[in-house]
Amino acid sequence: MPEPIVLRFRDANGESRELPVTLDAAGAEAAEKFERIRATPGVHLLLAGDRDYAVSVVFPIEVHVARALDDLRGKAVRVVFEGRTPVRRRVREVAAAPFAMEEAVPTPLDLTAGLPGAPPLWLLPDGAFSTSPDFAPAGLDAGLALVTAARWISSRRTTTFERLFPPSAFHPDEPLRPERLTAKGARGMLEQLRGALGAAAVSSEVAVKDPLGAAQVRSAALTVLSHLVATALHDDSFREIAAEAAAEMFALVDAEHGDTAQPALRSHAIKLLSLRAPALEAAARERARELVRGLLRDAPPYAELGGPYRFAMCSDPEFHEGECAILISKYGFREIEPPADAPRSPVRYRDYRVLEAPFRNASGGAVQVFARGARPVDENLEMAEAGFAGLFVNRHAQLGAYDMRAASSTVRQAGYKIMMNAQCAGLTTRFAITHVFPDADIYSSWDSTYFRTDAAGKVNASEGIDCFVALLQGMCAGETHAQIEARVRAAQWHHPQAKFPGFSQFVGPGNPLVAARFQDVNRDGRADLYDGFLDFTIAEIAENLRASLTPKDPGVRPSQIGGEAATGLGWAAGSMNRVTQYSDIWAGLPAQTELFYIFNSGGFYSHEEPPADVPGGLSGERIGALPAVCRYVRGGGGPADLQVDVMFHAWLSHAGKEMKRLLCAADAMWRAFDAGLLSGNGLDTPEGRRGALLLTLAGLLEFPADQNFIDGLWSMALDALRLPPISRTLVRNCIDETDHDASNYYGSKRGLRQLLGDLGKSDPLALAQLESDDPKIGRAKEIEGLPQEAGARA
């Protein structure tokens, strides 16, 4: 039999496929050979080009493969011969004669083989999950296997059950394995899921005795159901199974009520249904949309807000007086004495200026703004005052440093609150704001919020004030959040992002997609929209900056990590959204991707449960041993059509948020280089890429702190990234006032040229190291001290 070669093509869903085929004939003999074998069992193709090929698919052949090949007539494919550059051909003919198609997994499959310490997970021939190859657990006994399966599923983003083994995390040079779940196996899996859901139902005796334990089983089953639904996008034979799995998901949503229910699980099921909408039938898609709308508070609870509407306005002292003047001169507010029953300022020596609007609310009550100068550490204090209906915050972001301070607030919300945050790149802080005030209706700025000043430096025009007044007017008209957001959109100033439909400078609760990307219900460091498994066994892991690069077993599975560790990962993802907006080096991302907040917190992983489907990286690298991994996912929807999961190693989850930001940024930049997303403008040389990374790191360290402390972080990061000990002062001096005026706070093409020139003069040895052909320089070291074998944890 001829040696197999590889046929590479894209299926109807745009998914890249590789299929082993044998070469039957080439050149002038190809057409004749194809005619002779087309009636023989199997699938045969005639490929046309400057040299024709007749090829046959290697047995066993699966049903979905035969169907995909039948759709290739007239389309281009690539033929990959070992040791040669792939050649392009067009499919002229496809012939499929009767043959025995592969319809079942013949033997148990070890899904976690090759991952030392990973919990055992087997896929049995009947489609059931198990912790052993010898038996198929049913009912509640399947809980452990389903939880393990849910975590296994959550490690991947671009593959479903049509490909059980994506490229090896430990040996990416190995060829792809062909195993998959068939439609027949999927039916057996569905029966196992139904049994587990029934045993752990909200109304079951188990749920009464152990509500969280039962919810954990339901949540795991939900994850697997969602994966079954998604597989229909890649394999048409799953359409019927997907419809049944979706029905089970809807049934879970309907049943998740009562004392033993978990509202977060119901919410998560609805979000997963929304995410899987392309694979649902039309009626199911519409029902999913209705459920999503039901998750959102449609409008402020006006019935609870009787009497005057009182709002606190806590602005940076630089903005305070000017904004008050704008309310008076532009919008007709008048200054009044503080009412006797009004709240007092929580900050000494900063009394309120009380301004009353020229319009009234729907019940005839006054609309009053209590304005004071504020700092990040005290700007949220009014959230604890029940007398206020809302809070408007307007200040600088200081490259995220002020946001970090504000989000450390321990204030507890009292009563209903509507909160508007106006600052630079405000969506980067939404992830943290929702942690602090999960019950508030939040309007957060998307892009920078603009303002103008007079000759004396006093603010005399403010986009934030214009949009805040629009919000007040919408509330007084009794509008829904969708209507308020539309009103605010009409008041916003011009932004580059406005070129795509629906852009809103202030994103409110009526915008479900953005909210889901920046919310984390169970606080596991993974944004809800991409959280395949909602784990109910979260552990609070504290950060320890000094031990940031010392690996430590967290004692729990990666999906169970919460607390400061998870919040810090959210900050790392948010920081990347800020970096890409404020550096013309990153402006090279395609289709102005840098404007659209493509970075999302993707949770934690480990050497036992490494992330799958990760493009880029060094040949032979052990992804599961890297400190940080950023997974670029194309086809993510939205104007950018690109999303990035920012992930971190569980054994370094205790690392300080400052170190998380640096290591995540480094991996994000290198994988963007690897994928061809960043190139040109000096970025096609080793020294250009490493220099751009140094500028990004230096920008991330520009926050108010002791400079010796920051230099210590810089040294730690350079060592972890195999970079020479270059002076931070030299690098940060290459981000000058010219760059600041152009909003290039994390480096620029101009600054990159200066950096390489300055290094050549002051430290030619360091420059020589940056110019080295060694591909490891600038990339993170694998974590040392990880055990070869680790005990499996439930």
# chains A, B, ... in the order shown; residues from 1 in each chain; ligands from 1
$ select_by_dssp --residues "segment 259-490 of chain A" --states "strand (DSSP E or B)" --output "VMD selection string"
chain A and resid 309 to 315 334 to 336 353 to 356 367 to 373 390 to 394 418 to 422 441 to 445 451 to 453 459 to 462
$ atom_distance --atom1 "atom CA of Phe135 of chain A" --atom2 "atom CA of Leu111 of chain A"
15.4 Å
$ atom_distance --atom1 "atom CA of Leu752 of chain A" --atom2 "atom CA of Ala573 of chain A"
23.9 Å
$ residues_around --residues "Asp11 of chain A" --least-positions-apart "2" --cutoff "10 Å" --atoms "only C-alpha atoms" --output "ChimeraX atom specification"
/A:8-9,13-17,65,67-69,71-72,234-235
$ write_last_selection --atoms "all heavy atoms" --output "compact mmCIF listing (two decimals), in the first residue's frame"
# COMPACT_ATOMS: atom_id res chain seq x y z
N ARG A 8 -5.27 18.62 2.84
CA ARG A 8 -5.63 19.70 3.77
C ARG A 8 -6.70 20.57 3.10
O ARG A 8 -6.52 21.02 1.96
CB ARG A 8 -4.40 20.54 4.11
CG ARG A 8 -4.62 21.60 5.15
CD ARG A 8 -3.31 22.36 5.41
NE ARG A 8 -2.31 21.48 6.03
CZ ARG A 8 -1.01 21.76 6.05
NH1 ARG A 8 -0.55 22.85 5.48
NH2 ARG A 8 -0.17 20.92 6.64
N PHE A 9 -7.81 20.81 3.81
CA PHE A 9 -8.91 21.58 3.23
C PHE A 9 -9.72 22.22 4.33
O PHE A 9 -9.54 21.94 5.51
CB PHE A 9 -9.81 20.68 2.38
CG PHE A 9 -10.48 19.56 3.14
CD1 PHE A 9 -11.77 19.71 3.64
CD2 PHE A 9 -9.82 18.36 3.35
CE1 PHE A 9 -12.38 18.69 4.35
CE2 PHE A 9 -10.42 17.33 4.06
CZ PHE A 9 -11.71 17.49 4.56
N ASN A 13 -17.91 24.74 7.32
CA ASN A 13 -17.93 25.68 8.44
C ASN A 13 -16.65 26.51 8.54
O ASN A 13 -16.47 27.26 9.50
CB ASN A 13 -18.15 24.93 9.75
CG ASN A 13 -19.47 24.21 9.79
OD1 ASN A 13 -20.50 24.82 9.54
ND2 ASN A 13 -19.44 22.92 10.06
N GLY A 14 -15.75 26.34 7.55
CA GLY A 14 -14.51 27.09 7.58
C GLY A 14 -13.45 26.47 8.47
O GLY A 14 -12.39 27.05 8.67
N GLU A 15 -13.72 25.27 9.00
CA GLU A 15 -12.78 24.59 9.89
C GLU A 15 -11.70 23.91 9.07
O GLU A 15 -11.96 23.23 8.08
CB GLU A 15 -13.53 23.54 10.73
CG GLU A 15 -12.66 22.78 11.69
CD GLU A 15 -12.37 23.58 12.94
OE1 GLU A 15 -13.00 24.64 13.13
OE2 GLU A 15 -11.53 23.13 13.74
N SER A 16 -10.44 24.11 9.46
CA SER A 16 -9.32 23.49 8.77
C SER A 16 -9.29 22.00 9.09
O SER A 16 -9.39 21.59 10.24
CB SER A 16 -8.01 24.16 9.19
OG SER A 16 -6.93 23.55 8.52
N ARG A 17 -9.15 21.16 8.03
CA ARG A 17 -9.13 19.70 8.20
C ARG A 17 -7.89 19.12 7.55
O ARG A 17 -7.39 19.64 6.54
CB ARG A 17 -10.37 19.07 7.54
CG ARG A 17 -11.70 19.58 8.07
CD ARG A 17 -11.97 19.03 9.43
NE ARG A 17 -13.28 19.44 9.90
CZ ARG A 17 -13.76 19.14 11.09
NH1 ARG A 17 -13.04 18.42 11.93
NH2 ARG A 17 -14.95 19.55 11.47
N VAL A 65 -16.86 12.57 7.34
CA VAL A 65 -15.75 12.86 6.44
C VAL A 65 -16.20 12.71 5.00
O VAL A 65 -15.93 13.56 4.14
CB VAL A 65 -14.55 11.94 6.73
CG1 VAL A 65 -13.47 12.09 5.66
CG2 VAL A 65 -13.98 12.24 8.11
N ARG A 67 -19.17 13.01 3.82
CA ARG A 67 -20.07 14.11 3.48
C ARG A 67 -19.30 15.40 3.23
O ARG A 67 -19.62 16.17 2.31
CB ARG A 67 -21.08 14.31 4.60
CG ARG A 67 -22.11 13.19 4.71
CD ARG A 67 -22.94 13.33 5.96
NE ARG A 67 -23.97 12.31 6.04
CZ ARG A 67 -24.64 11.99 7.15
NH1 ARG A 67 -24.36 12.63 8.28
NH2 ARG A 67 -25.56 11.06 7.14
N ALA A 68 -18.28 15.66 4.03
CA ALA A 68 -17.49 16.87 3.85
C ALA A 68 -16.77 16.86 2.51
O ALA A 68 -16.69 17.87 1.81
CB ALA A 68 -16.50 17.02 5.00
N LEU A 69 -16.23 15.70 2.13
CA LEU A 69 -15.50 15.60 0.87
C LEU A 69 -16.43 15.77 -0.32
O LEU A 69 -16.05 16.32 -1.36
CB LEU A 69 -14.78 14.25 0.78
CG LEU A 69 -13.63 14.06 1.78
CD1 LEU A 69 -13.11 12.63 1.71
CD2 LEU A 69 -12.52 15.05 1.51
N ASP A 71 -18.72 17.79 -0.62
CA ASP A 71 -18.98 19.22 -0.83
C ASP A 71 -17.79 19.95 -1.43
O ASP A 71 -17.86 21.17 -1.65
CB ASP A 71 -19.34 19.88 0.51
CG ASP A 71 -20.68 19.38 1.06
OD1 ASP A 71 -21.51 18.95 0.24
OD2 ASP A 71 -20.85 19.41 2.29
N LEU A 72 -16.69 19.24 -1.69
CA LEU A 72 -15.46 19.91 -2.12
C LEU A 72 -15.35 20.08 -3.63
O LEU A 72 -14.39 20.70 -4.10
CB LEU A 72 -14.24 19.12 -1.63
CG LEU A 72 -13.92 19.20 -0.13
CD1 LEU A 72 -12.68 18.37 0.18
CD2 LEU A 72 -13.68 20.64 0.29
N HIS A 234 -19.97 21.42 13.25
CA HIS A 234 -18.85 20.78 12.56
C HIS A 234 -19.23 19.45 11.92
O HIS A 234 -18.49 18.94 11.09
CB HIS A 234 -17.70 20.56 13.54
CG HIS A 234 -17.25 21.81 14.24
ND1 HIS A 234 -16.53 22.79 13.62
CD2 HIS A 234 -17.45 22.24 15.51
CE1 HIS A 234 -16.28 23.78 14.48
NE2 HIS A 234 -16.84 23.47 15.63
N ASP A 235 -20.34 18.87 12.34
CA ASP A 235 -20.73 17.54 11.87
C ASP A 235 -22.25 17.50 11.75
O ASP A 235 -22.97 17.49 12.76
CB ASP A 235 -20.23 16.49 12.86
CG ASP A 235 -20.51 15.06 12.40
OD1 ASP A 235 -21.25 14.89 11.41
OD2 ASP A 235 -19.99 14.12 13.02
$ residues_around --residues "segment 704-721 of chain A" --least-positions-apart "5" --cutoff "6 Å" --atoms "only C-alpha atoms" --output "VMD selection string"
chain A and resid 778 to 781
$ write_last_selection --atoms "N, CA, C and O atoms" --output "PDB file, in the first residue's frame"
ATOM      1  N   GLY A 778      13.315  36.133  25.062  1.00  0.00           N
ATOM      2  CA  GLY A 778      12.099  36.944  25.101  1.00  0.00           C
ATOM      3  C   GLY A 778      10.853  36.146  25.427  1.00  0.00           C
ATOM      4  O   GLY A 778       9.817  36.731  25.732  1.00  0.00           O
ATOM      5  N   ARG A 779      10.956  34.820  25.349  1.00  0.00           N
ATOM      6  CA  ARG A 779       9.798  33.966  25.640  1.00  0.00           C
ATOM      7  C   ARG A 779       9.949  33.357  27.036  1.00  0.00           C
ATOM      8  O   ARG A 779      11.052  33.112  27.510  1.00  0.00           O
ATOM      9  N   ALA A 780       8.821  33.107  27.653  1.00  0.00           N
ATOM     10  CA  ALA A 780       8.821  32.666  29.044  1.00  0.00           C
ATOM     11  C   ALA A 780       9.461  31.299  29.206  1.00  0.00           C
ATOM     12  O   ALA A 780       9.266  30.394  28.387  1.00  0.00           O
ATOM     13  N   LYS A 781      10.201  31.153  30.291  1.00  0.00           N
ATOM     14  CA  LYS A 781      10.729  29.849  30.670  1.00  0.00           C
ATOM     15  C   LYS A 781       9.586  28.957  31.121  1.00  0.00           C
ATOM     16  O   LYS A 781       8.580  29.426  31.659  1.00  0.00           O
TER      17      LYS A 781
END
